[in-house]
Amino acid sequence: MAAAPKRPPLPAILLANDLLDGDVVFASVAATGALAWTRDPALALVAADDAAAARLEAYAGSEFAAQHVVDAYLVDIAIEAGQPVPRHYRERMKTLGPSNRPDLGKQAGDGIAAERRA
Amino acid sequence: MYRYDEFDARFVRERVAQFRDQVGRRLNGSLTEDEFKPLRLKNGVYLQLHAYMLRIAVPYGTLSSRQLRQLALIGERYDRGYGHFTTRQNLQFNWPKLRDIPEILDLLADVEMHCIQTSGNCIRNVTADHFAGVAQDEIEDPRPTAELIRQWSSLHPEFSYLPRKFKIAVTGAEHDRAVIKAHDIGLRLRRHPDTNAISYEVSVGGGLGRTPMIGKVVRDYLPKADLLAYLEAIMRVYNLEGRRDNKYKARVKILVHEIGVEEFKRRVEEEFARLDGPSVNADPAEVARIAAYFAPPAYEVLPTVSRVLEATKAANPTFARWVEVNTAPHKAPGYAALTISLKPIGQAPGDATSEQMRLVADLAEQYSHDELRVTHAQNLVLPHVRQRDLFAVWQRLGEAGLASANVGMITDIISCPGLDYCALATARSIPIAQAIQHRFADAERQRQIGELNIKISGCINACGHHHVGHIGILGLEKRGIESYQITLGGDATENAAIGEILGPGLAAEDVPDAIERIVNVYVETRQANESFIDAVRRLGLGPFKAAFQEVAHAVA
């Protein structure tokens with residue numbers, strides 16, 4: 001089963017869970033211009049038109065097939081303070097972590113700091 | 001406690017090896033996600049919002065110190081230093097990595113634990129009264145029955161692909177602390193009035209979720225020896241006739257409801273008569289072998305009332321209050337069953353850090369014959385504490401923030417993980433529990449309110465048992481925001497009842513006000529010594545609804 005075929009309203013980002021770690025990951029553009037996964041929601045590539053959304057969907061499908069991620073789907077977002085923020089509170093949770101534990105998850109920089117160093 | 005024999009140990013190790021291989025094949029692409037998902041679920045591995053989640057079976061809620069220490073170690077080494085005790089007496093880790101799970105399963109196998117049948121459409125971990133073996137109102141320890149069912153149902157070839165999951169709970173006491181009426185099968189050990197023989201009252205078709213039902217009695221006095229054949233008859237009727245076309249109508253409660261309890265009973269009895277009982281029922285020698293593992297520990301001969309305890313209580317009112325609220329009468333004179341509250345004000349209900357687990361393991365080893373229990377209310381129990389040791393235990397618990405005197409009180413809230421963790425949730429539960437705890441934090445106020453169960457679920461699946469809470473709270477999504485539906489009059493005991501909805505859903509910030517209004521109606525109108533649930537039964541929904549509506553209208 002590949003990524004959900006139903007496309008949300010745009011603009012949207014692509015998120016998934018890393019197969020091996022389970023962490024929430026976001027499709028972003030690497031220095032080479034190719035798509036790559038990041039753990040930092042601020043770096044998620046925002047698809048504003050159908051062509052960009054189709055590119056993310058194709059990436060979701062190929063990455064799922066390549067055993068890199070699971071549960072990949074597009075999420076509609078708003079731009080707040082220059083960063084993409086999911087419109088729905090469920091997906092916002094995925095970009096933050098448990099609201100009762102601000103010391104855990106992305107809100108605490110889990111996986112993000114290491115990525116920035118790399 | 002039950003100990004694995006060589007077959008159990010080998011079986012669990014083989015399962016770990018199989019899962020390690022399955023993870024490897026998933027990663028190299030030999031297994032697709034669709035193929036792998038049922039395999040990981042059969043080993044308790046879920047994918048949640050932020051990470052994988054591993055659900056570890058705690059059979060009938062009984063743990064040894066050694067096992068709890070191992071859980072603490074796993075939490076520290078492979079998770080974030082804490083675990084979550086669930087309403088099914090299990091433990092969940094919220095952050096394991098798939099790559100580490102085979103190693104975690106090996107560590108569990110080292111202490112005779114596993115995650116088998118904590119998910120999937122099979123017979124799940126059998127739960128039991130958390131005061132099993134020690135409660136004064138007990139007729140017989142339910143754990144030998146639960147263990148027998150565990151052995152019979154583990155990988156039972158006929159019942160591994162049921163229409164839906166299947167939950168069995170057992171109690172041996174008059175007072176139901178195991179919510180047996182909200183289970184697919186509920187068993188109650190009782191004496192036959194004529195023969196005095198110990199037998200089972202068998203209820204079928206209870207359950208919560210989107211269609212809550214109270215279990216119906218299908219046998220008043222099932223002879224003990226016939227247990228497995230009778231269970232097999234029930235499972236066969238369900239397996240054959242339970243619906244597989246619609247996931248939401250697939251539980252046995254729907255079958256019982258659709259064909260009626262009399263017809264269901266008739267089919268079960270017909271199947272039971274057809275079965276070759278002796279070939280299905282357990283060998284009495286095996287039943288005796290299992291029961292021997294649950295023999296009571298060597299209690300000291302002590303006076304019924306400890307003078308040491310009375311003196312320390314007199315000198316320390318806070319301690320006295322804790323003893324009054326958190327201990328239960330014990331079969332053995334001079335002992336108490338102590339509940340350790342995992343509901344300190346403002347903490348996630350049921351969460352315990354690795355340090356706290358180690359402390360409780362140490363206390364169990366030193367003061368409770370090396371044994372502890374997990375309750376469905378997400379607390380821990382030291383089942384055999386000498387009354388004279390309670391003060392020392394209380395002091396040590398206090399140092400770890402575990403001496404809350406609130407068991408059964410308004411702040412002893414059951415809560416599922418909700419949308420803070422769970423992929424199925426429609427709203428958060430934990431922050432609601434925390435807000436209510438803060439509102440009612442005052443110890444004296446809690447004492448005045450008395451026994452009151454609040455239960456919160458973050459979706460219709462009802463892991464937080466909201467239907468059977470005196471006050472139930474269900475988190476839903478309404479037009480893109482979290483909305484909370486309040487129910488009243490639910491009961492999880494032998495007087496099992498499903499709560500009724502009070503009115504429209506509320507925003508999260510209005511929930512504590514609504515709860516306070518409901519509680520105030522009770523405090524203002526109760527009769528002498530009348531508990532909250534008794535007052536609700538006497539008064540009906542009317543006065544509570546009126547108070548609730550004031551909050552609902554004010555915010556509408």
# chains A, B, ... in the order shown; residues from 1 in each chain; ligands from 1

call {"tool": "interface_residues", "arguments": {"of": "chain B", "to": "chain A", "cutoff": "7 Å", "atoms": "only C-alpha atoms", "output": "PDB file with N, CA and C atoms, in the first residue's frame"}}
result
ATOM      1  N   LEU B  27      13.504  -5.090   6.334  1.00  0.00           N
ATOM      2  CA  LEU B  27      14.483  -4.066   5.976  1.00  0.00           C
ATOM      3  C   LEU B  27      15.148  -4.349   4.632  1.00  0.00           C
ATOM      4  N   GLY B  29      13.634  -5.779   2.216  1.00  0.00           N
ATOM      5  CA  GLY B  29      12.614  -5.726   1.173  1.00  0.00           C
ATOM      6  C   GLY B  29      11.933  -7.045   0.878  1.00  0.00           C
ATOM      7  N   ASP B  34       2.649  -4.407   4.118  1.00  0.00           N
ATOM      8  CA  ASP B  34       1.398  -5.133   4.337  1.00  0.00           C
ATOM      9  C   ASP B  34       1.641  -6.529   4.910  1.00  0.00           C
ATOM     10  N   LEU B  49       2.070   8.038  16.688  1.00  0.00           N
ATOM     11  CA  LEU B  49       2.276   9.334  16.039  1.00  0.00           C
ATOM     12  C   LEU B  49       3.742   9.671  15.852  1.00  0.00           C
ATOM     13  N   HIS B  50       4.514   9.571  16.936  1.00  0.00           N
ATOM     14  CA  HIS B  50       5.893  10.061  16.901  1.00  0.00           C
ATOM     15  C   HIS B  50       6.914   8.956  16.736  1.00  0.00           C
ATOM     16  N   ALA B  51       6.510   7.732  16.956  1.00  0.00           N
ATOM     17  CA  ALA B  51       7.478   6.638  17.022  1.00  0.00           C
ATOM     18  C   ALA B  51       6.736   5.306  17.045  1.00  0.00           C
ATOM     19  N   TYR B  52       7.505   4.212  17.087  1.00  0.00           N
ATOM     20  CA  TYR B  52       6.902   2.909  17.355  1.00  0.00           C
ATOM     21  C   TYR B  52       6.495   2.853  18.823  1.00  0.00           C
ATOM     22  N   LYS B  97      12.931   1.968  18.991  1.00  0.00           N
ATOM     23  CA  LYS B  97      13.262   1.951  17.573  1.00  0.00           C
ATOM     24  C   LYS B  97      13.095   0.512  17.071  1.00  0.00           C
ATOM     25  N   LEU B  98      12.576   0.375  15.867  1.00  0.00           N
ATOM     26  CA  LEU B  98      12.341  -0.971  15.331  1.00  0.00           C
ATOM     27  C   LEU B  98      13.627  -1.790  15.357  1.00  0.00           C
ATOM     28  N   ARG B  99      14.746  -1.124  15.065  1.00  0.00           N
ATOM     29  CA  ARG B  99      16.023  -1.840  15.017  1.00  0.00           C
ATOM     30  C   ARG B  99      16.377  -2.455  16.373  1.00  0.00           C
ATOM     31  N   ASP B 420      -1.616  12.732  22.447  1.00  0.00           N
ATOM     32  CA  ASP B 420      -0.213  13.062  22.702  1.00  0.00           C
ATOM     33  C   ASP B 420       0.712  11.962  22.188  1.00  0.00           C
ATOM     34  N   TYR B 421       0.168  10.744  22.027  1.00  0.00           N
ATOM     35  CA  TYR B 421       0.979   9.638  21.533  1.00  0.00           C
ATOM     36  C   TYR B 421       0.287   8.805  20.450  1.00  0.00           C
ATOM     37  N   PRO B 431      -3.640  15.931  28.973  1.00  0.00           N
ATOM     38  CA  PRO B 431      -3.759  17.296  29.500  1.00  0.00           C
ATOM     39  C   PRO B 431      -5.100  17.561  30.191  1.00  0.00           C
ATOM     40  N   GLY B 480     -12.619  20.499  13.358  1.00  0.00           N
ATOM     41  CA  GLY B 480     -11.200  20.846  13.401  1.00  0.00           C
ATOM     42  C   GLY B 480     -10.648  21.219  14.762  1.00  0.00           C
TER      43      GLY B 480
END

call {"tool": "residues_around", "arguments": {"residues": "Glu482 (chain B)", "least_positions_apart": "6", "cutoff": "9 Å", "atoms": "only C-alpha atoms", "output": "PDB file with C-alpha atoms, in the first residue's frame"}}
result
ATOM      1  CA  TYR A  89      -3.980  19.704  15.209  1.00  0.00           C
TER       2      TYR A  89
ATOM      3  CA  THR B 426      -9.106  12.107  17.947  1.00  0.00           C
ATOM      4  CA  ALA B 427      -8.196  14.351  20.893  1.00  0.00           C
ATOM      5  CA  ARG B 428      -5.763  14.600  23.777  1.00  0.00           C
ATOM      6  CA  GLY B 475     -12.306  13.399  23.361  1.00  0.00           C
ATOM      7  CA  LEU B 476     -13.538  13.865  19.794  1.00  0.00           C
ATOM      8  CA  LEU B 506     -17.053  21.155  25.437  1.00  0.00           C
ATOM      9  CA  ALA B 507     -13.749  22.759  24.569  1.00  0.00           C
ATOM     10  CA  ALA B 508     -10.786  21.448  26.570  1.00  0.00           C
TER      11      ALA B 508
END

call {"tool": "select_by_dssp", "arguments": {"residues": "region 2-97 of chain A", "states": "strand (DSSP E)", "output": "PyMOL selection string"}}
result
chain A and resi 12-18+24-29+35-38+69-80+83-86

call {"tool": "write_last_selection", "arguments": {"atoms": "N, CA and C atoms", "output": "CSV table (one decimal), in the first residue's frame"}}
result
chain,number,residue,atom,x,y,z
A,12,ALA,N,1.1,22.1,0.7
A,12,ALA,CA,1.2,20.9,1.6
A,12,ALA,C,2.6,20.5,1.7
A,13,ILE,N,2.9,19.7,2.7
A,13,ILE,CA,4.2,19.1,2.9
A,13,ILE,C,4.0,17.6,2.9
A,14,LEU,N,5.1,16.8,2.8
A,14,LEU,CA,5.0,15.4,2.9
A,14,LEU,C,5.7,14.9,4.1
A,15,LEU,N,5.0,14.2,5.0
A,15,LEU,CA,5.6,13.6,6.2
A,15,LEU,C,5.4,12.1,6.1
A,16,ALA,N,6.2,11.4,7.0
A,16,ALA,CA,6.2,10.0,7.0
A,16,ALA,C,6.9,9.6,8.3
A,17,ASN,N,6.9,8.2,8.6
A,17,ASN,CA,7.7,7.7,9.7
A,17,ASN,C,8.9,7.0,9.1
A,18,ASP,N,10.1,7.2,9.7
A,18,ASP,CA,11.2,6.4,9.3
A,18,ASP,C,11.0,5.0,9.6
A,24,VAL,N,9.3,10.8,13.0
A,24,VAL,CA,8.6,11.5,11.9
A,24,VAL,C,9.6,12.2,11.1
A,25,VAL,N,9.5,12.1,9.8
A,25,VAL,CA,10.4,12.7,8.8
A,25,VAL,C,9.6,13.5,7.8
A,26,PHE,N,10.3,14.5,7.2
A,26,PHE,CA,9.6,15.4,6.2
A,26,PHE,C,10.5,15.4,5.0
A,27,ALA,N,9.8,15.4,3.8
A,27,ALA,CA,10.5,15.6,2.6
A,27,ALA,C,11.1,17.0,2.4
A,28,SER,N,12.3,17.1,2.1
A,28,SER,CA,13.0,18.4,1.9
A,28,SER,C,13.9,18.3,0.7
A,29,VAL,N,14.4,19.4,0.3
A,29,VAL,CA,15.3,19.5,-0.8
A,29,VAL,C,16.7,19.5,-0.3
A,35,LEU,N,15.3,15.3,-3.7
A,35,LEU,CA,14.5,15.2,-2.4
A,35,LEU,C,15.2,14.3,-1.4
A,36,ALA,N,15.1,14.6,-0.1
A,36,ALA,CA,15.7,13.9,0.9
A,36,ALA,C,14.8,14.0,2.2
A,37,TRP,N,15.0,13.1,3.1
A,37,TRP,CA,14.2,13.2,4.4
A,37,TRP,C,14.9,14.0,5.4
A,38,THR,N,14.2,14.8,6.1
A,38,THR,CA,14.8,15.6,7.3
A,38,THR,C,13.9,15.3,8.5
A,69,VAL,N,10.6,4.5,4.5
A,69,VAL,CA,9.6,5.1,5.3
A,69,VAL,C,8.3,4.3,5.3
A,70,VAL,N,7.4,4.6,6.2
A,70,VAL,CA,6.1,4.1,6.2
A,70,VAL,C,5.1,5.2,6.5
A,71,ASP,N,3.9,5.0,6.2
A,71,ASP,CA,2.8,6.0,6.5
A,71,ASP,C,3.1,7.4,6.0
A,72,ALA,N,3.5,7.4,4.7
A,72,ALA,CA,3.8,8.7,4.1
A,72,ALA,C,2.6,9.4,3.5
A,73,TYR,N,2.3,10.6,3.8
A,73,TYR,CA,1.2,11.3,3.2
A,73,TYR,C,1.3,12.8,3.3
A,74,LEU,N,0.6,13.5,2.4
A,74,LEU,CA,0.7,14.9,2.3
A,74,LEU,C,-0.2,15.5,3.3
A,75,VAL,N,0.2,16.7,3.9
A,75,VAL,CA,-0.5,17.4,4.9
A,75,VAL,C,-0.6,18.8,4.5
A,76,ASP,N,-1.8,19.3,4.6
A,76,ASP,CA,-2.0,20.8,4.2
A,76,ASP,C,-1.5,21.6,5.4
A,77,ILE,N,-0.9,22.7,5.0
A,77,ILE,CA,-0.2,23.6,6.0
A,77,ILE,C,-0.5,25.0,5.7
A,78,ALA,N,-0.2,25.8,6.7
A,78,ALA,CA,-0.2,27.3,6.6
A,78,ALA,C,1.3,27.7,6.9
A,79,ILE,N,1.6,28.9,6.3
A,79,ILE,CA,3.0,29.4,6.6
A,79,ILE,C,2.8,30.3,7.8
A,80,GLU,N,3.5,30.0,8.9
A,80,GLU,CA,3.5,30.8,10.1
A,80,GLU,C,4.9,31.2,10.5
A,83,GLN,N,7.5,29.5,8.4
A,83,GLN,CA,7.6,28.0,8.5
A,83,GLN,C,6.3,27.3,8.2
A,84,PRO,N,6.4,26.1,7.6
A,84,PRO,CA,5.1,25.4,7.4
A,84,PRO,C,4.6,24.8,8.7
A,85,VAL,N,3.3,25.0,8.9
A,85,VAL,CA,2.6,24.5,10.1
A,85,VAL,C,1.4,23.8,9.7
A,86,PRO,N,1.2,22.5,10.0
A,86,PRO,CA,0.0,21.8,9.6
A,86,PRO,C,-1.2,22.5,10.1

call {"tool": "atom_distance", "arguments": {"atom1": "CA of Asn239 (chain B)", "atom2": "CA of Leu162 (chain B)"}}
result
5.6 Å

call {"tool": "select_by_dssp", "arguments": {"residues": "region 248-386 of chain B", "states": "helix (DSSP H, G or I)", "output": "NGL selection string"}}
result
:B and (248-249 or 252-259 or 261-274 or 277-280 or 284-292 or 307-315 or 317-326 or 354-367)

call {"tool": "atom_distance", "arguments": {"atom1": "CA of Ala348 (chain B)", "atom2": "CA of Tyr522 (chain B)"}}
result
26.8 Å

call {"tool": "decode", "arguments": {"residues": "region 265-283 of chain B", "atoms": "N, CA and C atoms", "output": "CSV table (one decimal), in the first residue's frame"}}
result
chain,number,residue,atom,x,y,z
B,265,LYS,N,-26.7,-18.4,23.9
B,265,LYS,CA,-26.5,-19.5,25.0
B,265,LYS,C,-26.9,-20.9,24.4
B,266,ARG,N,-27.9,-20.9,23.7
B,266,ARG,CA,-28.4,-22.2,23.1
B,266,ARG,C,-27.3,-22.7,22.2
B,267,ARG,N,-26.7,-21.9,21.3
B,267,ARG,CA,-25.7,-22.3,20.4
B,267,ARG,C,-24.4,-22.8,21.2
B,268,VAL,N,-24.1,-22.0,22.2
B,268,VAL,CA,-22.9,-22.4,23.0
B,268,VAL,C,-23.1,-23.7,23.7
B,269,GLU,N,-24.3,-23.9,24.2
B,269,GLU,CA,-24.6,-25.2,24.9
B,269,GLU,C,-24.6,-26.3,24.0
B,270,GLU,N,-25.1,-26.1,22.8
B,270,GLU,CA,-25.1,-27.1,21.7
B,270,GLU,C,-23.7,-27.5,21.4
B,271,GLU,N,-22.8,-26.5,21.2
B,271,GLU,CA,-21.4,-26.8,20.8
B,271,GLU,C,-20.7,-27.5,22.0
B,272,PHE,N,-21.0,-27.0,23.2
B,272,PHE,CA,-20.4,-27.6,24.4
B,272,PHE,C,-20.8,-29.1,24.5
B,273,ALA,N,-22.0,-29.4,24.2
B,273,ALA,CA,-22.5,-30.8,24.3
B,273,ALA,C,-21.8,-31.6,23.2
B,274,ARG,N,-21.5,-31.0,22.1
B,274,ARG,CA,-20.8,-31.7,21.0
B,274,ARG,C,-19.3,-32.0,21.2
B,275,LEU,N,-18.7,-31.0,22.0
B,275,LEU,CA,-17.3,-31.1,22.2
B,275,LEU,C,-16.9,-32.3,23.1
B,276,ASP,N,-15.8,-32.9,22.8
B,276,ASP,CA,-15.3,-33.9,23.7
B,276,ASP,C,-14.6,-33.3,24.9
B,277,GLY,N,-15.4,-33.0,25.9
B,277,GLY,CA,-14.9,-32.3,27.1
B,277,GLY,C,-13.6,-32.8,27.6
B,278,PRO,N,-13.5,-34.1,27.9
B,278,PRO,CA,-12.3,-34.6,28.5
B,278,PRO,C,-11.0,-34.3,27.7
B,279,SER,N,-11.2,-34.2,26.3
B,279,SER,CA,-10.0,-34.0,25.5
B,279,SER,C,-9.6,-32.5,25.5
B,280,VAL,N,-10.6,-31.6,25.9
B,280,VAL,CA,-10.3,-30.2,25.8
B,280,VAL,C,-9.9,-29.7,27.2
B,281,ASN,N,-10.7,-30.1,28.2
B,281,ASN,CA,-10.4,-29.6,29.6
B,281,ASN,C,-9.0,-30.0,30.1
B,282,ALA,N,-8.5,-29.1,30.9
B,282,ALA,CA,-7.2,-29.3,31.4
B,282,ALA,C,-7.1,-30.6,32.3
B,283,ASP,N,-6.0,-31.2,32.3
B,283,ASP,CA,-5.7,-32.4,33.2
B,283,ASP,C,-5.7,-31.8,34.6
